[in-house]
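Asks: The structure follows.
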Amino acid sequence: MHNDRPSRLPTLTAAVDRTFDDAIFRRLVEDVPDYAIFLIDPDGYVRTWNTGAARLKGYAADEIIGRHFSVFYPQDAIDRGWPAHELHVARETGRFEDEGWRLRKDGTRFWANVVLTRILDDDGSVLGFSKITRDLSARREHEELLRRSEERFRLMVEGVRDYAIFMLDPDGHVASWNAGAQQAKGYAADEIIGQHFSLFYPPEVVESGWPARELEIAMAEGRCEDEGWRVRKDGTRFWASVVITTLYDDHGRHIGFAKITRDLSDKRRVSALEDEGRRVTTFLAMLGHELRNPLAPISNAVSIMQLEPMQSERLRMCRDVISRQLQQITRLVDDLLDVGRITAGKIHLQREPVELGAVLEEAVEAIEPYSRSRAHALVFNREGPAWIVGDRARLLQIVSNLLTNAAKFTGRGGRIVATLRCTAGHAELSVADNGPGIPASRLRDIFNLFVQGDQDPARTQGGLGLGLSLVQQLTTLMGGEVSAYSAGEGKGAEFIVRFPLVSAPSASSDETVDWATPLARQVLVVDDNRDAADTMSMLLKALGYRTRTAYDARSALEMLQTSRPDVAILDIGLPDMDGRKLARAIRTQYGDAVALIALTGYGQEQDRDATLDAGFRDHLTKPLSSDALIAALQRVFEDDLGGA
């Protein structure tokens, strides 16, 4: 017995050591909190349970040991036999790994990573399986959010229609294609992906090597931006704004380019139209000036003729014909310039109470000679005062254009009826005629520029087709509305303008100023157009003023040194000194002692502002009627008396 003890001691020690190691290992597995680690027998029943399994799945050890591990799987996974499949693969291969939804005790789901490992005994028989489960719900949620974000971005890019957004590979071949690209360029995705992007460029641009140069710039600078012509699938061109951006992966490797293209054809057309509009406005201003200069002496001469007694009936007829035609030309020039002002947004409107009936009466009186020459029956109906807010001069222009239009298109012996009534809070002005009428197809565009009611060249009544367009635009600017009606060809036409009514203003207590008689006044006329200057002086003399005439700025300054006038009427376009500079020179030397009036062919708003800044009291445009001249002088002298 004594001899046996030493031989048995190592065996006992080894057994104790194994027991201790097993306890340590068991404690290590049981206490792991982040992983569910447990054993299942060959048929799939749970045999052990650790702390991590209890925390992750919600079961205590006594609640789960002995139950089949399929309890952790959703019903759809059980229905397709997935737990049994996992055991089969692990039994055959030694290991099975999977990710999928699993269930907790309370029925909630979590995304799990699962590893099943086969356990064999010394004879190679299957003792069971170890099963390690990790909760990856947070990671999956992050991945899902990222996936959804990428999906939303992809859908957004693919759905954008205003921009062509697509990818190029490093060599410039199309790698993706969105809806905007298909709309802008005309290619479907399966037609263009794989093609080189130079296909979108005109041949001459491709020959110049620009597509390749764009990629070189993008590589060197990170992006390349350009505007130019591009080509659609059908061969048509469009003006494009293009941005090419170089793309790199997380490791800094070049993976291609992002290319964004926007069709700017409409914007380019608008820009071209705006440029054209500015050129047209400038041209109209120059045209107005050049037309008004020769009209000025003609107007002056006619005014002088009208002041002089004339015995010959034939000469009186000729004088009246010249006067009427001069008014017609002046009106056309004014209409032409007003179109330019409205188009440029530079027209200035006064807003004050106006009695529309008085405006209509004045317009009827002005059109009556022309209407009488065509043997028209001109009828004027007015129910009572109709006060509106607007610009009196522009309202007169509206009514005059409507009456002129009716007189022009109504044949000899026709009838024109102008009616003013107040209804439903509005002043309603109607101009009706029994002329040729307006076809239904023309009613919708009768107010467009350069459109005339009668489009037959053999029957045209002349004019530029501006009057009705101005009527509509001016009416709209003053808060009114205009409509055109006609029962058809041969049945006449009616135009109706409506403005909101306002209360009549209270009566003014101001008394009319009794200004000094013309004989006490001297006027200096300065104009390099001798005909215009001489006829203006003659007209002023006929009106009772004393006058002096100069044809350049130097002569005018010399005259001022010898005799100081009360008023100086200055042309702006003088040869030796601009009229505004001359005005400043006069004001520097004489202050307000000489009242300055500008007389010019330029009538734009900025021209008026410039003359007022130079010290002029008034801005008159050529040709000037005697009534307008008298009114301007009266304003100057009334201001002087009021200031005194």
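Within each chain, counting starts at residue 1; across the structure tokens, chains are named A, B, ... in the order shown, with ligands numbered 1 upward in that order.
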Please identify all polymer residues within 9 Å of A:Ala532, counting only C-alpha atoms, omitting same-chain residues fewer than 6 positions from it, and present them as a PDB file with C-alpha atoms, in the first residue's frame.
Replies:
ATOM      1  CA  ASN A 293     -37.034 117.472 -84.928  1.00  0.00           C
ATOM      2  CA  PRO A 294     -38.513 118.057 -88.419  1.00  0.00           C
ATOM      3  CA  LEU A 295     -42.054 117.960 -86.998  1.00  0.00           C
ATOM      4  CA  ALA A 296     -41.293 120.849 -84.629  1.00  0.00           C
ATOM      5  CA  PRO A 297     -40.959 123.624 -87.259  1.00  0.00           C
ATOM      6  CA  ILE A 298     -43.935 122.208 -89.171  1.00  0.00           C
ATOM      7  CA  ASN A 300     -44.827 125.896 -85.292  1.00  0.00           C
ATOM      8  CA  ALA A 301     -45.606 126.974 -88.850  1.00  0.00           C
TER       9      ALA A 301
END
Asks: May I have the residues within 12 Å of A:Ala53 as an mmCIF file with C-alpha atoms, in the first residue's frame, using only C-alpha atoms and disregarding those fewer than 5 positions away in the same chain?
Replies:
data_model
loop_
_atom_site.group_PDB
_atom_site.id
_atom_site.type_symbol
_atom_site.label_atom_id
_atom_site.label_comp_id
_atom_site.auth_asym_id
_atom_site.auth_seq_id
_atom_site.Cartn_x
_atom_site.Cartn_y
_atom_site.Cartn_z
ATOM 1 C CA VAL A 29 -18.808 31.425 -20.549
ATOM 2 C CA GLU A 30 -21.665 31.878 -18.131
ATOM 3 C CA ASP A 31 -20.691 35.435 -17.232
ATOM 4 C CA VAL A 32 -20.190 36.814 -20.813
ATOM 5 C CA PRO A 33 -22.868 39.565 -21.087
ATOM 6 C CA ASP A 34 -22.653 40.557 -24.782
ATOM 7 C CA TYR A 35 -23.120 37.136 -26.383
ATOM 8 C CA ALA A 36 -25.736 34.470 -25.926
ATOM 9 C CA ILE A 37 -23.627 31.275 -25.565
ATOM 10 C CA PHE A 38 -25.392 28.006 -24.927
ATOM 11 C CA LEU A 39 -25.449 24.320 -25.843
ATOM 12 C CA VAL A 46 -31.370 23.820 -25.043
ATOM 13 C CA THR A 48 -27.147 25.317 -20.987
ATOM 14 C CA GLY A 58 -35.215 37.526 -21.992
ATOM 15 C CA TYR A 59 -35.516 33.938 -20.677
ATOM 16 C CA ALA A 60 -34.177 32.779 -17.335
ATOM 17 C CA ALA A 61 -32.304 29.452 -17.410
ATOM 18 C CA GLU A 63 -37.601 28.919 -18.361
ATOM 19 C CA ILE A 64 -35.683 27.820 -21.458
ATOM 20 C CA ILE A 65 -33.508 24.774 -20.677
ATOM 21 C CA PHE A 72 -36.169 31.915 -30.897
ATOM 22 C CA ARG A 104 -37.169 37.568 -27.555
ATOM 23 C CA LYS A 105 -39.388 36.154 -24.834
ATOM 24 C CA LYS A 131 -24.706 28.284 -30.395
ATOM 25 C CA ILE A 132 -23.379 31.834 -30.155
ATOM 26 C CA THR A 133 -25.804 34.683 -30.866
ATOM 27 C CA ARG A 134 -24.998 38.405 -31.020
ATOM 28 C CA ASP A 135 -27.516 41.273 -31.229
#
Asks: From stretch 19-265 of chain A, collect each residue whose DSSP state is strand (DSSP E or B) and return the set as a PyMOL selection string.
Replies: chain A and resi 36-40+45-46+68+95-103+109-120+126-135+163-168+173-174+196+223-231+237-248+254-263
Asks: Can you measure atom CA of A:Ile193 to atom CA of A:Leu264 for me? One decimal in Å is fine.
Replies: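 Atom-to-atom, atom CA of A:Ile193 and atom CA of A:Leu264 are spaced 23.9 Å apart.
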Asks: Name the residues in contact with A:Thr93 at a cut-off of 10 Å, using only C-alpha atoms, excluding same-chain residues fewer than 4 positions from it; report them as a CSV table (one decimal) with N, CA and C atoms, in the first residue's frame.
Replies:
chain,number,residue,atom,x,y,z
A,87,LEU,N,-29.3,23.1,-38.3
A,87,LEU,CA,-28.8,22.0,-37.6
A,87,LEU,C,-28.2,21.0,-38.7
A,88,HIS,N,-28.9,20.8,-39.8
A,88,HIS,CA,-28.4,19.9,-40.8
A,88,HIS,C,-27.1,20.4,-41.4
A,89,VAL,N,-27.0,21.7,-41.7
A,89,VAL,CA,-25.7,22.2,-42.3
A,89,VAL,C,-24.6,22.1,-41.2
A,117,THR,N,-21.9,25.6,-34.0
A,117,THR,CA,-20.7,24.8,-34.2
A,117,THR,C,-20.9,23.3,-33.7
A,118,ARG,N,-20.6,22.3,-34.5
A,118,ARG,CA,-20.8,20.9,-34.1
A,118,ARG,C,-19.8,20.5,-33.1
Asks: Residues of stretch 322-371 of chain A in helix (DSSP H, G or I) according to DSSP, as a short mmCIF file (atom, residue, chain, number, x, y, z; two decimals) with N, CA and C atoms, in the first residue's frame?
Replies:
data_model
loop_
_atom_site.label_atom_id
_atom_site.label_comp_id
_atom_site.auth_asym_id
_atom_site.auth_seq_id
_atom_site.Cartn_x
_atom_site.Cartn_y
_atom_site.Cartn_z
N ILE A 322 -52.91 119.92 -93.23
CA ILE A 322 -51.57 119.77 -92.64
C ILE A 322 -51.68 119.59 -91.14
N SER A 323 -52.55 120.38 -90.51
CA SER A 323 -52.71 120.30 -89.06
C SER A 323 -53.19 118.92 -88.63
N ARG A 324 -54.20 118.39 -89.35
CA ARG A 324 -54.73 117.08 -88.97
C ARG A 324 -53.70 115.98 -89.18
N GLN A 325 -53.01 116.01 -90.30
CA GLN A 325 -52.03 114.97 -90.57
C GLN A 325 -50.83 115.07 -89.63
N LEU A 326 -50.48 116.30 -89.26
CA LEU A 326 -49.41 116.49 -88.29
C LEU A 326 -49.78 115.88 -86.95
N GLN A 327 -51.03 116.07 -86.53
CA GLN A 327 -51.49 115.45 -85.29
C GLN A 327 -51.42 113.93 -85.37
N GLN A 328 -51.76 113.39 -86.56
CA GLN A 328 -51.73 111.94 -86.74
C GLN A 328 -50.30 111.42 -86.63
N ILE A 329 -49.36 112.10 -87.29
CA ILE A 329 -47.96 111.67 -87.23
C ILE A 329 -47.43 111.79 -85.80
N THR A 330 -47.77 112.88 -85.15
CA THR A 330 -47.32 113.08 -83.76
C THR A 330 -47.87 111.98 -82.86
N ARG A 331 -49.14 111.63 -83.06
CA ARG A 331 -49.73 110.57 -82.25
C ARG A 331 -49.03 109.24 -82.49
N LEU A 332 -48.68 108.93 -83.74
CA LEU A 332 -47.98 107.68 -84.04
C LEU A 332 -46.61 107.65 -83.37
N VAL A 333 -45.90 108.77 -83.42
CA VAL A 333 -44.59 108.84 -82.77
C VAL A 333 -44.74 108.65 -81.26
N ASP A 334 -45.72 109.32 -80.67
CA ASP A 334 -45.95 109.18 -79.23
C ASP A 334 -46.30 107.75 -78.86
N ASP A 335 -47.17 107.11 -79.67
CA ASP A 335 -47.54 105.72 -79.40
C ASP A 335 -46.32 104.81 -79.47
N LEU A 336 -45.49 105.04 -80.48
CA LEU A 336 -44.30 104.22 -80.66
C LEU A 336 -43.38 104.34 -79.45
N LEU A 337 -43.19 105.55 -78.97
CA LEU A 337 -42.33 105.76 -77.81
C LEU A 337 -42.95 105.22 -76.54
N ASP A 338 -44.27 105.33 -76.42
CA ASP A 338 -44.93 104.80 -75.23
C ASP A 338 -44.79 103.29 -75.14
N VAL A 339 -44.83 102.60 -76.29
CA VAL A 339 -44.62 101.15 -76.30
C VAL A 339 -43.25 100.83 -75.73
N GLY A 340 -42.24 101.60 -76.16
CA GLY A 340 -40.89 101.38 -75.63
C GLY A 340 -40.81 101.64 -74.14
N ARG A 341 -41.49 102.68 -73.66
CA ARG A 341 -41.47 102.99 -72.23
C ARG A 341 -42.12 101.89 -71.41
N ILE A 342 -43.28 101.43 -71.88
CA ILE A 342 -44.00 100.39 -71.13
C ILE A 342 -43.20 99.10 -71.13
N THR A 343 -42.64 98.73 -72.30
CA THR A 343 -41.85 97.51 -72.40
C THR A 343 -40.66 97.55 -71.46
N LEU A 356 -63.81 111.37 -65.40
CA LEU A 356 -63.68 110.69 -66.69
C LEU A 356 -64.56 111.32 -67.75
N GLY A 357 -65.69 111.88 -67.37
CA GLY A 357 -66.58 112.51 -68.34
C GLY A 357 -65.91 113.68 -69.05
N ALA A 358 -65.15 114.49 -68.29
CA ALA A 358 -64.45 115.62 -68.89
C ALA A 358 -63.38 115.14 -69.86
N VAL A 359 -62.74 114.04 -69.53
CA VAL A 359 -61.73 113.46 -70.42
C VAL A 359 -62.39 112.99 -71.72
N LEU A 360 -63.52 112.31 -71.59
CA LEU A 360 -64.23 111.83 -72.77
C LEU A 360 -64.70 113.01 -73.63
N GLU A 361 -65.19 114.04 -73.00
CA GLU A 361 -65.65 115.21 -73.74
C GLU A 361 -64.51 115.84 -74.53
N GLU A 362 -63.33 115.94 -73.91
CA GLU A 362 -62.17 116.51 -74.59
C GLU A 362 -61.73 115.63 -75.76
N ALA A 363 -61.76 114.31 -75.56
CA ALA A 363 -61.35 113.40 -76.63
C ALA A 363 -62.33 113.45 -77.80
N VAL A 364 -63.64 113.55 -77.50
CA VAL A 364 -64.65 113.65 -78.56
C VAL A 364 -64.44 114.94 -79.35
N GLU A 365 -64.16 116.00 -78.64
CA GLU A 365 -63.94 117.28 -79.30
C GLU A 365 -62.72 117.22 -80.22
N ALA A 366 -61.67 116.52 -79.79
CA ALA A 366 -60.45 116.42 -80.59
C ALA A 366 -60.66 115.57 -81.83
N ILE A 367 -61.47 114.50 -81.71
CA ILE A 367 -61.65 113.59 -82.85
C ILE A 367 -62.71 114.08 -83.82
N GLU A 368 -63.52 115.05 -83.40
CA GLU A 368 -64.65 115.47 -84.20
C GLU A 368 -64.27 115.94 -85.61
N PRO A 369 -63.21 116.74 -85.80
CA PRO A 369 -62.87 117.16 -87.17
C PRO A 369 -62.59 115.98 -88.08
N TYR A 370 -61.83 115.01 -87.59
CA TYR A 370 -61.52 113.83 -88.41
C TYR A 370 -62.79 113.02 -88.68
N SER A 371 -63.61 112.87 -87.66
CA SER A 371 -64.85 112.13 -87.84
C SER A 371 -65.79 112.84 -88.81
#
